[in-house]
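Trainee: Structure file structure-v4.cif, mmCIF, C-alpha atoms and all ligand atoms, is pasted below:
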data_query
loop_
_atom_site.label_atom_id
_atom_site.label_comp_id
_atom_site.auth_asym_id
_atom_site.auth_seq_id
_atom_site.Cartn_x
_atom_site.Cartn_y
_atom_site.Cartn_z
CA MET A 1 88.63 257.99 112.62
CA THR A 2 89.18 260.12 109.49
CA SER A 3 88.40 258.55 106.12
CA TYR A 4 90.21 259.12 102.84
CA ASP A 5 89.96 257.53 99.41
CA VAL A 6 93.69 256.91 99.37
CA ILE A 7 96.33 256.65 102.08
CA ILE A 8 99.95 256.68 101.00
CA ILE A 9 102.52 255.63 103.58
CA GLY A 10 105.86 257.23 102.68
CA ALA A 11 106.02 260.79 101.36
CA GLY A 12 109.18 260.37 99.29
CA ALA A 13 109.63 260.43 95.52
CA ALA A 14 107.16 257.69 94.59
CA GLY A 15 104.60 258.55 97.27
CA LEU A 16 104.45 262.24 96.31
CA MET A 17 104.11 261.38 92.63
CA CYS A 18 101.27 258.98 93.36
CA ALA A 19 99.57 261.58 95.61
CA ILE A 20 99.66 264.20 92.83
CA HIS A 21 98.13 261.94 90.21
CA ALA A 22 95.52 260.44 92.52
CA GLY A 23 94.64 263.99 93.63
CA ARG A 24 94.32 265.11 90.01
CA ARG A 25 91.71 262.40 89.57
CA GLY A 26 89.70 263.93 92.41
CA ARG A 27 90.67 261.36 95.05
CA ARG A 28 90.95 262.50 98.67
CA VAL A 29 94.53 261.64 99.53
CA LEU A 30 96.38 261.40 102.85
CA ALA A 31 100.16 260.96 102.86
CA ILE A 32 101.66 259.69 106.12
CA ASP A 33 105.38 259.76 106.91
CA HIS A 34 107.34 259.10 110.06
CA ALA A 35 109.78 261.84 109.10
CA THR A 36 108.90 265.37 110.13
CA SER A 37 109.67 266.74 106.66
CA LEU A 38 109.06 265.55 103.10
CA GLY A 39 111.39 263.91 100.60
CA LYS A 40 114.62 263.80 102.56
CA LYS A 41 116.30 261.46 100.05
CA ILE A 42 115.38 263.79 97.22
CA LEU A 43 117.19 266.62 98.99
CA ILE A 44 120.46 264.69 99.45
CA SER A 45 120.34 263.04 96.04
CA GLY A 46 122.80 263.70 93.25
CA GLY A 47 125.16 265.52 95.59
CA GLY A 48 122.33 267.97 96.42
CA ARG A 49 121.39 268.56 92.77
CA CYS A 50 119.10 265.54 92.28
CA ASN A 51 119.83 263.46 89.20
CA PHE A 52 116.07 263.31 88.63
CA THR A 53 115.96 261.13 85.52
CA ASN A 54 118.00 259.69 82.69
CA LEU A 55 117.19 260.42 79.05
CA GLY A 56 117.94 256.80 78.17
CA ALA A 57 115.96 255.12 80.96
CA ALA A 58 114.84 251.73 79.67
CA PRO A 59 114.17 248.29 81.19
CA ALA A 60 117.74 247.14 80.44
CA GLN A 61 119.07 249.44 83.17
CA TYR A 62 116.98 247.83 85.90
CA VAL A 63 117.60 244.71 87.96
CA SER A 64 114.58 242.61 88.89
CA VAL A 65 113.71 238.94 89.10
CA ASN A 66 111.19 239.78 86.36
CA PRO A 67 113.05 242.16 84.01
CA HIS A 68 109.86 242.77 81.98
CA PHE A 69 107.83 244.11 84.91
CA CYS A 70 109.04 247.73 84.70
CA LYS A 71 108.31 248.04 80.94
CA SER A 72 104.70 249.12 81.23
CA ALA A 73 105.15 251.91 83.78
CA LEU A 74 108.34 253.21 82.15
CA SER A 75 106.71 253.38 78.74
CA ARG A 76 103.51 255.02 80.00
CA PHE A 77 105.33 257.59 82.15
CA PRO A 78 108.77 257.92 80.49
CA PRO A 79 111.56 260.39 81.34
CA GLN A 80 110.04 262.90 78.88
CA SER A 81 106.84 263.08 80.94
CA PHE A 82 108.79 264.01 84.05
CA ILE A 83 110.95 266.46 82.10
CA GLU A 84 107.76 268.22 80.91
CA MET A 85 106.67 268.53 84.54
CA VAL A 86 110.06 270.03 85.47
CA GLN A 87 109.91 272.42 82.50
CA GLY A 88 106.35 273.38 83.47
CA HIS A 89 107.76 274.64 86.78
CA GLN A 90 110.60 276.50 85.02
CA ILE A 91 113.22 274.49 86.87
CA PRO A 92 116.62 274.92 85.19
CA PHE A 93 118.48 271.66 84.56
CA HIS A 94 121.32 270.24 82.53
CA GLU A 95 122.63 266.93 81.23
CA LYS A 96 125.80 266.17 83.15
CA LYS A 97 126.87 263.06 81.22
CA LEU A 98 125.40 259.83 79.82
CA GLY A 99 121.83 261.19 79.73
CA GLN A 100 121.85 262.09 83.45
CA LEU A 101 119.69 265.17 84.13
CA PHE A 102 120.51 267.30 87.19
CA CYS A 103 119.02 270.50 88.60
CA ASP A 104 121.17 273.56 87.91
CA ARG A 105 120.37 275.01 91.33
CA SER A 106 119.44 272.41 93.90
CA ALA A 107 117.37 269.29 94.59
CA ASN A 108 115.02 271.50 96.53
CA ASP A 109 113.60 272.62 93.16
CA ILE A 110 112.27 269.09 92.57
CA LEU A 111 110.88 268.76 96.08
CA SER A 112 109.21 272.20 95.87
CA MET A 113 107.63 271.23 92.56
CA LEU A 114 106.19 268.04 94.04
CA ARG A 115 105.00 269.87 97.16
CA THR A 116 103.32 272.60 95.08
CA GLU A 117 101.56 270.02 92.90
CA CYS A 118 100.36 268.17 96.02
CA GLU A 119 99.00 271.42 97.45
CA GLN A 120 97.17 272.17 94.18
CA VAL A 121 95.21 268.92 94.51
CA GLN A 122 94.74 269.25 98.27
CA VAL A 123 96.76 266.30 99.45
CA THR A 124 96.72 266.09 103.26
CA PHE A 125 99.99 265.35 105.04
CA GLU A 126 100.44 263.76 108.44
CA LEU A 127 104.16 263.93 109.19
CA GLY A 128 105.98 262.60 112.24
CA HIS A 129 103.51 259.71 112.52
CA GLU A 130 104.68 256.21 113.50
CA VAL A 131 102.43 253.61 111.90
CA LYS A 132 101.46 251.13 114.62
CA ASN A 133 99.07 248.86 112.82
CA ILE A 134 97.41 248.27 109.46
CA SER A 135 94.27 246.19 109.34
CA ALA A 136 92.67 244.69 106.28
CA LYS A 137 90.46 246.94 104.10
CA PHE A 138 92.15 249.36 105.36
CA GLN A 139 92.58 251.02 108.71
CA VAL A 140 95.88 252.66 109.48
CA GLU A 141 96.63 253.30 113.12
CA THR A 142 99.46 255.68 113.95
CA ASP A 143 100.72 256.96 117.29
CA LYS A 144 98.65 260.09 116.66
CA GLY A 145 95.45 258.92 115.02
CA LEU A 146 93.31 256.39 113.20
CA PHE A 147 92.63 256.70 109.47
CA SER A 148 90.76 254.59 106.94
CA CYS A 149 90.84 254.31 103.16
CA SER A 150 89.78 252.11 100.28
CA SER A 151 93.22 252.24 98.59
CA LEU A 152 96.44 251.87 100.57
CA VAL A 153 99.78 252.61 98.90
CA ILE A 154 103.06 251.55 100.46
CA ALA A 155 105.82 253.89 99.28
CA THR A 156 108.30 253.62 102.12
CA GLY A 157 111.36 252.81 99.95
CA GLY A 158 114.10 250.47 101.11
CA PRO A 159 116.29 250.45 104.22
CA SER A 160 119.35 251.96 102.55
CA PHE A 161 120.67 255.21 104.02
CA PRO A 162 118.87 254.95 107.39
CA SER A 163 120.28 258.34 108.46
CA VAL A 164 117.46 260.00 106.48
CA GLY A 165 114.68 257.84 107.90
CA ALA A 166 114.81 254.85 105.56
CA SER A 167 113.29 251.66 106.96
CA ASP A 168 112.25 248.15 106.00
CA PHE A 169 108.66 248.90 106.94
CA GLY A 170 107.38 248.12 103.42
CA PHE A 171 108.71 244.56 103.58
CA THR A 172 107.02 244.03 106.95
CA VAL A 173 103.68 245.17 105.50
CA ALA A 174 104.19 242.92 102.47
CA ARG A 175 104.78 239.91 104.70
CA GLN A 176 101.76 240.81 106.85
CA PHE A 177 99.60 240.53 103.74
CA GLY A 178 101.29 237.33 102.57
CA VAL A 179 103.09 239.10 99.72
CA ASN A 180 106.45 237.55 98.83
CA VAL A 181 109.60 239.62 99.23
CA ILE A 182 112.67 238.90 97.09
CA PRO A 183 115.78 238.83 99.34
CA THR A 184 117.21 242.31 99.67
CA ALA A 185 120.75 243.70 99.74
CA PRO A 186 122.35 247.13 99.77
CA ALA A 187 123.39 248.22 96.26
CA LEU A 188 125.11 251.14 94.52
CA ASP A 189 127.45 251.22 97.50
CA GLY A 190 130.86 249.96 96.26
CA PHE A 191 133.06 247.22 97.69
CA VAL A 192 135.09 246.35 100.76
CA PHE A 193 137.92 243.82 100.96
CA HIS A 194 139.79 242.04 103.66
CA GLY A 195 143.13 240.25 103.92
CA SER A 196 146.15 241.21 101.85
CA ASP A 197 144.19 243.40 99.41
CA ILE A 198 143.53 245.96 102.15
CA SER A 199 147.13 247.22 102.25
CA LEU A 200 147.04 247.93 98.51
CA PHE A 201 143.78 249.84 98.78
CA SER A 202 144.83 251.90 101.78
CA ASN A 203 148.07 252.89 100.00
CA LEU A 204 145.97 254.11 97.07
CA SER A 205 143.23 255.74 99.12
CA GLY A 206 141.78 258.87 97.52
CA LEU A 207 143.10 258.08 94.05
CA SER A 208 140.69 258.05 91.12
CA HIS A 209 141.26 256.47 87.69
CA GLU A 210 139.06 255.49 84.74
CA CYS A 211 138.63 251.69 84.66
CA GLU A 212 136.30 249.06 83.32
CA ILE A 213 134.76 246.61 85.79
CA THR A 214 133.10 243.39 84.68
CA CYS A 215 130.98 241.28 87.00
CA VAL A 216 132.38 238.04 85.63
CA ASN A 217 130.42 235.38 87.39
CA SER A 218 126.94 236.81 87.09
CA SER A 219 124.70 234.88 84.72
CA HIS A 220 124.84 237.81 82.28
CA PRO A 221 128.33 239.36 82.58
CA ILE A 222 128.01 243.13 82.53
CA SER A 223 130.70 245.81 82.27
CA PHE A 224 130.88 249.47 83.24
CA ARG A 225 133.56 252.00 82.32
CA GLU A 226 133.81 255.07 84.51
CA ASN A 227 135.98 256.41 87.32
CA LEU A 228 137.15 254.07 90.07
CA LEU A 229 137.95 255.57 93.46
CA PHE A 230 140.26 253.72 95.83
CA THR A 231 139.26 254.00 99.49
CA HIS A 232 140.89 252.85 102.73
CA LYS A 233 138.89 249.66 102.71
CA GLY A 234 138.09 249.04 99.06
CA LEU A 235 136.63 250.47 95.89
CA SER A 236 134.13 253.24 95.29
CA GLY A 237 133.40 255.78 92.54
CA PRO A 238 130.72 255.45 89.85
CA VAL A 239 132.12 252.30 88.24
CA ALA A 240 132.28 250.40 91.56
CA LEU A 241 128.81 251.59 92.55
CA GLN A 242 127.38 250.31 89.27
CA ALA A 243 129.13 246.95 89.64
CA SER A 244 127.84 246.56 93.20
CA LEU A 245 124.29 246.41 91.83
CA TYR A 246 125.12 243.24 89.87
CA TRP A 247 127.76 241.59 92.08
CA ARG A 248 126.74 238.67 94.28
CA GLN A 249 128.50 237.44 97.44
CA GLY A 250 131.45 235.18 96.65
CA GLU A 251 131.87 236.37 93.07
CA ALA A 252 135.04 237.89 91.62
CA LEU A 253 135.34 241.16 89.72
CA SER A 254 137.49 241.63 86.66
CA ILE A 255 138.98 245.12 86.46
CA ASN A 256 140.61 246.46 83.33
CA LEU A 257 142.92 249.14 84.71
CA VAL A 258 143.83 250.35 81.22
CA PRO A 259 140.63 250.05 79.20
CA GLY A 260 140.41 250.72 75.48
CA ILE A 261 143.93 249.69 74.48
CA ASP A 262 145.98 246.50 74.01
CA LEU A 263 148.46 247.15 76.82
CA PHE A 264 151.05 244.57 75.76
CA ALA A 265 151.12 245.92 72.20
CA TRP A 266 151.44 249.44 73.63
CA PHE A 267 154.46 248.40 75.77
CA LEU A 268 156.10 246.78 72.74
CA GLY A 269 155.55 250.05 70.87
CA GLN A 270 157.29 251.94 73.70
CA LYS A 271 160.17 249.50 73.56
CA LYS A 272 160.48 249.97 69.80
CA ARG A 273 160.60 253.72 70.28
CA GLY A 274 163.57 253.25 72.61
CA ASN A 275 161.84 253.99 75.92
CA CYS A 276 164.44 252.91 78.47
CA ALA A 277 162.55 253.77 81.66
CA MET A 278 161.49 251.21 84.24
CA VAL A 279 158.11 249.55 83.73
CA LYS A 280 156.45 251.53 86.55
CA THR A 281 157.57 254.80 84.98
CA VAL A 282 156.35 253.78 81.53
CA LEU A 283 153.04 252.62 82.99
CA GLY A 284 152.73 256.01 84.68
CA GLN A 285 151.99 257.47 81.22
CA LEU A 286 148.65 255.64 81.29
CA MET A 287 147.61 256.02 84.93
CA PRO A 288 148.47 258.04 88.03
CA ASN A 289 152.11 257.41 89.05
CA ARG A 290 151.08 256.25 92.53
CA LEU A 291 148.83 253.58 91.04
CA ALA A 292 151.50 252.42 88.58
CA GLU A 293 154.04 252.26 91.39
CA GLN A 294 151.82 250.28 93.78
CA LEU A 295 150.76 247.83 91.06
CA CYS A 296 154.38 247.21 90.09
CA LEU A 297 155.44 246.86 93.71
CA ARG A 298 152.84 244.17 94.19
CA TYR A 299 152.78 242.36 90.88
CA PHE A 300 155.95 243.28 88.93
CA PRO A 301 158.75 244.28 91.29
CA THR A 302 161.53 244.07 88.69
CA LEU A 303 163.83 247.10 88.53
CA LEU A 304 165.07 246.39 84.99
CA PRO A 305 164.59 249.03 82.29
CA LEU A 306 161.87 248.18 79.77
CA PRO A 307 164.19 246.90 76.95
CA GLN A 308 165.64 244.26 79.33
CA VAL A 309 162.31 242.94 80.59
CA PRO A 310 161.53 239.49 79.11
CA GLU A 311 158.48 239.82 76.85
CA LYS A 312 156.85 236.75 78.37
CA GLU A 313 156.87 238.36 81.84
CA LEU A 314 155.63 241.64 80.45
CA ALA A 315 152.76 239.85 78.68
CA VAL A 316 151.69 238.18 81.94
CA PHE A 317 151.78 241.52 83.78
CA CYS A 318 149.76 243.25 81.03
CA GLN A 319 147.19 240.46 81.12
CA LEU A 320 146.90 240.93 84.89
CA LEU A 321 146.38 244.70 84.58
CA GLN A 322 143.67 244.25 81.97
CA ASP A 323 141.92 241.40 83.76
CA TRP A 324 142.69 242.08 87.42
CA GLN A 325 140.57 239.51 89.23
CA ILE A 326 139.74 240.42 92.80
CA SER A 327 137.10 239.12 95.19
CA PRO A 328 135.39 241.65 97.46
CA SER A 329 134.45 240.48 100.94
CA GLY A 330 131.21 242.39 100.57
CA THR A 331 129.63 245.65 99.56
CA VAL A 332 129.92 248.72 101.79
CA GLY A 333 126.45 248.28 103.30
CA ASN A 334 123.23 250.12 104.04
CA SER A 335 124.87 253.13 105.66
CA LYS A 336 126.26 254.22 102.25
CA ALA A 337 124.01 252.37 99.79
CA GLU A 338 122.02 254.55 97.40
CA VAL A 339 119.42 251.83 96.95
CA THR A 340 118.17 248.47 98.17
CA ARG A 341 118.16 245.66 95.63
CA GLY A 342 115.30 243.14 95.83
CA GLY A 343 111.99 243.86 97.55
CA VAL A 344 108.32 243.17 96.93
CA ASP A 345 108.07 240.37 94.37
CA THR A 346 106.81 241.83 91.10
CA ASN A 347 104.94 238.60 90.36
CA GLU A 348 102.56 239.66 93.14
CA LEU A 349 101.78 243.01 91.46
CA SER A 350 99.98 244.26 88.38
CA SER A 351 102.62 245.88 86.17
CA LYS A 352 99.99 248.35 84.97
CA THR A 353 98.79 249.61 88.35
CA MET A 354 101.21 248.27 91.02
CA GLU A 355 98.21 246.76 92.83
CA VAL A 356 98.69 243.49 94.73
CA LYS A 357 96.88 240.88 92.65
CA LYS A 358 95.53 238.95 95.63
CA HIS A 359 94.71 242.07 97.73
CA PRO A 360 92.73 244.57 95.65
CA GLY A 361 93.24 248.07 97.03
CA LEU A 362 96.80 247.46 98.28
CA TYR A 363 99.65 248.94 96.21
CA PHE A 364 103.46 248.98 96.42
CA ILE A 365 105.48 251.58 94.50
CA GLY A 366 109.04 252.89 94.22
CA GLU A 367 112.12 251.35 95.73
CA VAL A 368 110.19 248.95 97.99
CA VAL A 369 109.42 246.95 94.82
CA ASP A 370 111.96 244.52 93.35
CA VAL A 371 112.97 246.94 90.59
CA THR A 372 116.37 248.56 91.10
CA GLY A 373 118.02 250.90 88.63
CA GLN A 374 121.63 251.58 87.81
CA LEU A 375 123.31 254.76 88.98
CA GLY A 376 122.35 257.79 86.87
CA GLY A 377 118.77 258.92 87.54
CA TYR A 378 117.15 255.56 86.87
CA ASN A 379 115.89 255.03 90.42
CA PHE A 380 114.02 258.31 90.55
CA GLN A 381 112.54 257.56 87.14
CA TRP A 382 111.22 254.27 88.53
CA ALA A 383 109.77 256.14 91.53
CA TRP A 384 108.01 258.63 89.19
CA SER A 385 106.77 255.97 86.75
CA SER A 386 105.50 253.51 89.38
CA GLY A 387 103.99 256.37 91.44
CA TRP A 388 102.23 257.67 88.35
CA ALA A 389 100.93 254.18 87.45
CA ALA A 390 99.39 253.67 90.90
CA GLY A 391 98.07 257.25 90.83
CA GLN A 392 95.93 256.34 87.80
CA SER A 393 94.33 253.42 89.61
CA VAL A 394 93.91 254.13 93.33
C1 LIG B 1 122.61 259.54 99.03
C2 LIG B 1 121.65 259.13 97.95
C3 LIG B 1 121.69 259.76 96.71
C4 LIG B 1 120.81 259.36 95.69
N1 LIG B 1 120.86 260.02 94.49
C5 LIG B 1 120.03 259.62 93.50
C6 LIG B 1 120.01 260.34 92.26
O1 LIG B 1 120.67 261.38 92.10
N2 LIG B 1 119.20 259.85 91.27
C7 LIG B 1 118.41 258.74 91.45
O2 LIG B 1 117.69 258.36 90.51
N3 LIG B 1 118.37 258.11 92.63
C8 LIG B 1 119.14 258.52 93.65
N4 LIG B 1 119.08 257.89 94.86
C9 LIG B 1 118.08 256.82 95.04
C10 LIG B 1 116.70 257.46 95.26
O3 LIG B 1 116.81 258.44 96.27
C11 LIG B 1 115.67 256.42 95.67
O4 LIG B 1 115.69 255.34 94.78
C12 LIG B 1 114.28 257.04 95.69
O5 LIG B 1 114.24 258.09 96.64
C13 LIG B 1 113.23 255.99 96.02
O6 LIG B 1 111.98 256.64 96.13
P1 LIG B 1 110.86 256.05 97.10
O7 LIG B 1 109.78 257.06 97.11
O8 LIG B 1 110.58 254.66 96.77
O9 LIG B 1 111.56 256.04 98.55
P2 LIG B 1 112.08 257.27 99.38
O10 LIG B 1 112.36 258.44 98.54
O11 LIG B 1 113.17 256.71 100.23
O12 LIG B 1 110.83 257.65 100.31
C14 LIG B 1 110.37 256.79 101.31
C15 LIG B 1 109.63 257.63 102.34
O13 LIG B 1 109.05 256.72 103.27
C16 LIG B 1 109.24 257.20 104.57
N5 LIG B 1 109.24 256.06 105.48
C17 LIG B 1 110.14 255.06 105.60
N6 LIG B 1 109.76 254.22 106.57
C18 LIG B 1 108.60 254.67 107.06
C19 LIG B 1 107.72 254.22 108.09
N7 LIG B 1 108.00 253.13 108.81
N8 LIG B 1 106.61 254.94 108.34
C20 LIG B 1 106.33 256.06 107.64
N9 LIG B 1 107.12 256.54 106.66
C21 LIG B 1 108.24 255.84 106.37
C22 LIG B 1 110.59 257.89 104.52
O14 LIG B 1 110.69 258.85 105.57
C23 LIG B 1 110.54 258.54 103.14
O15 LIG B 1 109.98 259.83 103.18
C24 LIG B 1 119.90 258.29 95.90
C25 LIG B 1 119.85 257.68 97.16
C26 LIG B 1 120.70 258.09 98.17
C27 LIG B 1 120.62 257.41 99.52
#
Give the structure from the file, written as structure tokens.
Ligand SMILES: Cc1cc2nc3c(=O)[nH]c(=O)nc-3n(C[C@H](O)[C@H](O)[C@H](O)COP(=O)(O)OP(=O)(O)OC[C@H]3O[C@@H](n4cnc5c(N)ncnc54)[C@H](O)[C@@H]3O)c2cc1C

Mentor:
Amino acid sequence: MTSYDVIIIGAGAAGLMCAIHAGRRGRRVLAIDHATSLGKKILISGGGRCNFTNLGAAPAQYVSVNPHFCKSALSRFPPQSFIEMVQGHQIPFHEKKLGQLFCDRSANDILSMLRTECEQVQVTFELGHEVKNISAKFQVETDKGLFSCSSLVIATGGPSFPSVGASDFGFTVARQFGVNVIPTAPALDGFVFHGSDISLFSNLSGLSHECEITCVNSSHPISFRENLLFTHKGLSGPVALQASLYWRQGEALSINLVPGIDLFAWFLGQKKRGNCAMVKTVLGQLMPNRLAEQLCLRYFPTLLPLPQVPEKELAVFCQLLQDWQISPSGTVGNSKAEVTRGGVDTNELSSKTMEVKKHPGLYFIGEVVDVTGQLGGYNFQWAWSSGWAAGQSV
């Protein structure tokens, strides 16, 4: 049996960050992963360019049963701290939009930086190891060896995107140690529909349009305005991904297909200016023609020119387009989800160190914890901040 001060299971974003900071404190660190290479999610993230943080990362962009839990780690290791690390490695990056920072070249820059820093503090890696058993205080048995440590960090992420080795291992370990797990669900994955809505979506498949989605029934209604992408089975694109983090089964979504204007007043203005086209043609000035056509076919099939359309009917149609209430049958699911919502109950953990209160020496960090960020670099920032926090304590 080989002994270490710290064993980290999961050599992804949070695990590598924790390894670096524990190593800098002189701890002997072993990182175990069942994958044969490091940080696979980092490499595929941000379309291959890794949206590694967000300049505006703050607790309000995270979903958790305890919304205050992430405050401490985020304030002690904020985006600026990670940016300084990136700058220290001369990695070129840019802000794409809304504070989202991406690598100019590729996500591999971030992974190389983390690997280099791990090497500098002599972190040991055991890759391609299946963990068979963990016993209290702590012995970790894998299919290839037996290791012991005084601090055990679980950084195995959530089960979303299993094609890159994601698993629910962390939740199993939590339950083994009697640590509560908040029910989990795939998130940042968009929506699917069934029934009559499907025909509309498949006719619009591939079309993208800026919309505002509001999760109406959630206890705190929240809205996002970005591009909506229609797919064969439902809705995707940044705005749908964001909404899928907050949506709960059975709830409706309200979509404003023409955000930022009073649509009815705009139509009346067109009428005043003598626009004699049919409603679908007029609407096509504000959205792709195919979308205008399909919406009219479904909800306003009149062929009258605009001046002859009764205002009452037009008002009802405008109201529908600006508060289009639809009920998804579900979200797309783990195969496409960027994150897993829910996870290890934050009430079980110290917000300063990520240590399990009732099991000193056991830590949970990163996505496995019930802290889930919006789309836009927030999830990596949580991985860095929580990994750093545990790295100061293990
Ligand atoms: C396609 C995609 C794109 C994304 N893009 C972004 C983005 O641009 N910006 C952003 O902020 N977030 C993004 N995310 C989310 C982000 O990747 C995760 O939130 C983040 O990687 C979580 O870090 P983590 O260290 O907790 O888990 P992970 O990075 O998932 O690391 C977990 C590690 O644990 C290992 N592991 C799992 N199970 C076991 C086991 N049983 N035994 C041993 N090892 C195990 C895995 O192999 C993996 O190496 C994206 C996610 C996906 C799927």

Trainee: Excluding Gln249 of chain A and its own-chain neighbours fewer than 5 positions away, which residues fall within 9 Å of it when counting all atoms listed in the file? Please give them as an MDAnalysis selection string.

Mentor: chainID A and resid 328:331

Trainee: Could you dump the residues just selected with C-alpha atoms as a compact mmCIF listing (two decimals), keeping the file's coordinate frame?

Mentor:
# COMPACT_ATOMS: atom_id res chain seq x y z
CA PRO A 328 135.39 241.65 97.46
CA SER A 329 134.45 240.48 100.94
CA GLY A 330 131.21 242.39 100.57
CA THR A 331 129.63 245.65 99.56

Trainee: Excluding Tyr4 of chain A and residues on its chain fewer than 3 positions from it, collect all residues at most 9 Å away from it, counting all atoms listed in the file, and give them as a count of residues only.

Mentor: 10

Trainee: Work out how far atom CA of Glu130 of chain A is from atom CA of Asn108 of chain A, in Å to one decimal.

Mentor: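 Atom-to-atom, atom CA of Asn108 of chain A to atom CA of Glu130 of chain A, that is 25.1 Å.
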
Trainee: Please work out which residues fall within 10 Å of (101.2, 269.7, 94.4), coordinates as given in the file, with all atoms listed in the file counting, and return them as a PyMOL selection string.

Mentor: chain A and resi 16-17+19-21+23-24+111-123

Trainee: From the options A:Gly234, A:Pro183, A:Gly206, A:Gly178, which residue's atoms come nearest to Val332 of chain A, counting all atoms listed in the file?

Mentor: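 Answer, going by the shortest atom-to-atom distance: A:Gly234.
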
Trainee: Quick one: pull the distance between atom CA of Ser223 of chain A and atom CA of Ala243 of chain A, Å, one decimal.

Mentor: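 Atom CA of Ala243 of chain A lies 7.6 Å from atom CA of Ser223 of chain A.
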
Trainee: Looking at only C-alpha atoms, which of A:Thr172, A:Ala292, A:Arg76, A:Arg105 is the one that sits closest to Gln90 of chain A?

Mentor: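 That would be A:Arg105, the residue with the smallest distance to Gln90 of chain A.
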
Trainee: Identify which of the residues A:Met278, A:Val316, A:Ile91, A:Cys70 lies closest to Thr302 of chain A, counting only C-alpha atoms when measuring atom-to-atom distances.

Mentor: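 Checking each of A:Met278, A:Val316, A:Ile91, A:Cys70 against Thr302 of chain A, counting only C-alpha atoms, the winner is A:Met278.
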
Trainee: So how far away is atom CA of Leu207 of chain A from atom CA of Met287 of chain A, in Å?

Mentor: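 Between atom CA of Met287 of chain A and atom CA of Leu207 of chain A the gap works out to 10.4 Å.
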
Trainee: Which residue is closest to Ser205 of chain A? Choose from A:Ala185, A:Gly387, A:His232, A:Pro221 and count all atoms listed in the file.

Mentor: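 Smallest separation from Ser205 of chain A among the options: A:His232.
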
Trainee: Which neighbours of Asp345 of chain A fall inside 12 Å, counting all atoms listed in the file, when residues of the same chain fewer than 3 positions from it are skipped, and could you give them as JSON, numbers by chain?

Mentor: {"A": [64, 65, 66, 67, 69, 170, 171, 174, 175, 178, 179, 180, 181, 182, 183, 184, 341, 342, 348, 349, 350, 351, 354, 355, 356, 357, 364, 365, 367, 368, 369, 370, 371]}

Trainee: Identify the residues around (151.5, 248.6, 95.0) within a radius of 12 Å, measuring from only C-alpha atoms in the coordinates stated by the file, and give them as a list of chain:residue names.

Mentor: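 Residues close enough to count: A:Ser196, A:Asp197, A:Ile198, A:Ser199, A:Leu200, A:Phe201, A:Ser202, A:Asn203, A:Leu204, A:Ser205, A:Lys280, A:Asn289, A:Arg290, A:Leu291, A:Ala292, A:Glu293, A:Gln294, A:Leu295, A:Cys296, A:Leu297, A:Arg298, A:Tyr299, A:Phe300, A:Pro301.
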
Trainee: Which residue is closest to Trp382 of chain A? Choose from A:Val279, A:Leu43, A:Leu268, A:Ala58 and count only C-alpha atoms.

Mentor: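 The shortest atom-to-atom distance to Trp382 of chain A comes from A:Ala58.
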
Trainee: Go through A:Pro186, A:Ser72, A:Val394, A:Phe177 and flag the residue nearest Ile8 of chain A, using only C-alpha atoms for the distances.

Mentor: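 Among the listed residues, the smallest separation from Ile8 of chain A belongs to A:Val394.
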
Trainee: Skip Gly190 of chain A itself and residues of its chain fewer than 4 positions away, then list as a PDB file with C-alpha atoms, keeping the file's coordinate frame all residues within 6 Å of it, counting all atoms listed in the file.

Mentor:
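out_34.pdb written:
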ATOM      1  CA  LEU A 235     136.630 250.470  95.890  1.00  0.00           C
ATOM      2  CA  SER A 236     134.130 253.240  95.290  1.00  0.00           C
ATOM      3  CA  ALA A 240     132.280 250.400  91.560  1.00  0.00           C
ATOM      4  CA  LEU A 241     128.810 251.590  92.550  1.00  0.00           C
ATOM      5  CA  SER A 244     127.840 246.560  93.200  1.00  0.00           C
ATOM      6  CA  THR A 331     129.630 245.650  99.560  1.00  0.00           C
ATOM      7  CA  VAL A 332     129.920 248.720 101.790  1.00  0.00           C
TER       8      VAL A 332
END

Trainee: Residues of segment 234-260 of chain A that have any atom at most 6 Å from an atom of segment 320-324 of chain A: could you tabulate them with the shortest-distance atom pair and the distance in Å to one decimal, using only C-alpha atoms, ordered by chain and increasing number, as a Markdown table?

Mentor:
| residue | atom | partner | partner_atom | distance |
| --- | --- | --- | --- | --- |
| A:Ser254 | CA | A:Trp324 | CA | 5.3 |
| A:Ile255 | CA | A:Trp324 | CA | 4.9 |
| A:Asn256 | CA | A:Gln322 | CA | 4.0 |
| A:Leu257 | CA | A:Leu321 | CA | 5.6 |

Trainee: Near Leu55 of chain A, within 8 Å and counting all atoms listed in the file, which residues show up once chain neighbours fewer than 5 positions away are dropped, as a VMD selection string?

Mentor: chain A and resid 79 to 80 99 to 101
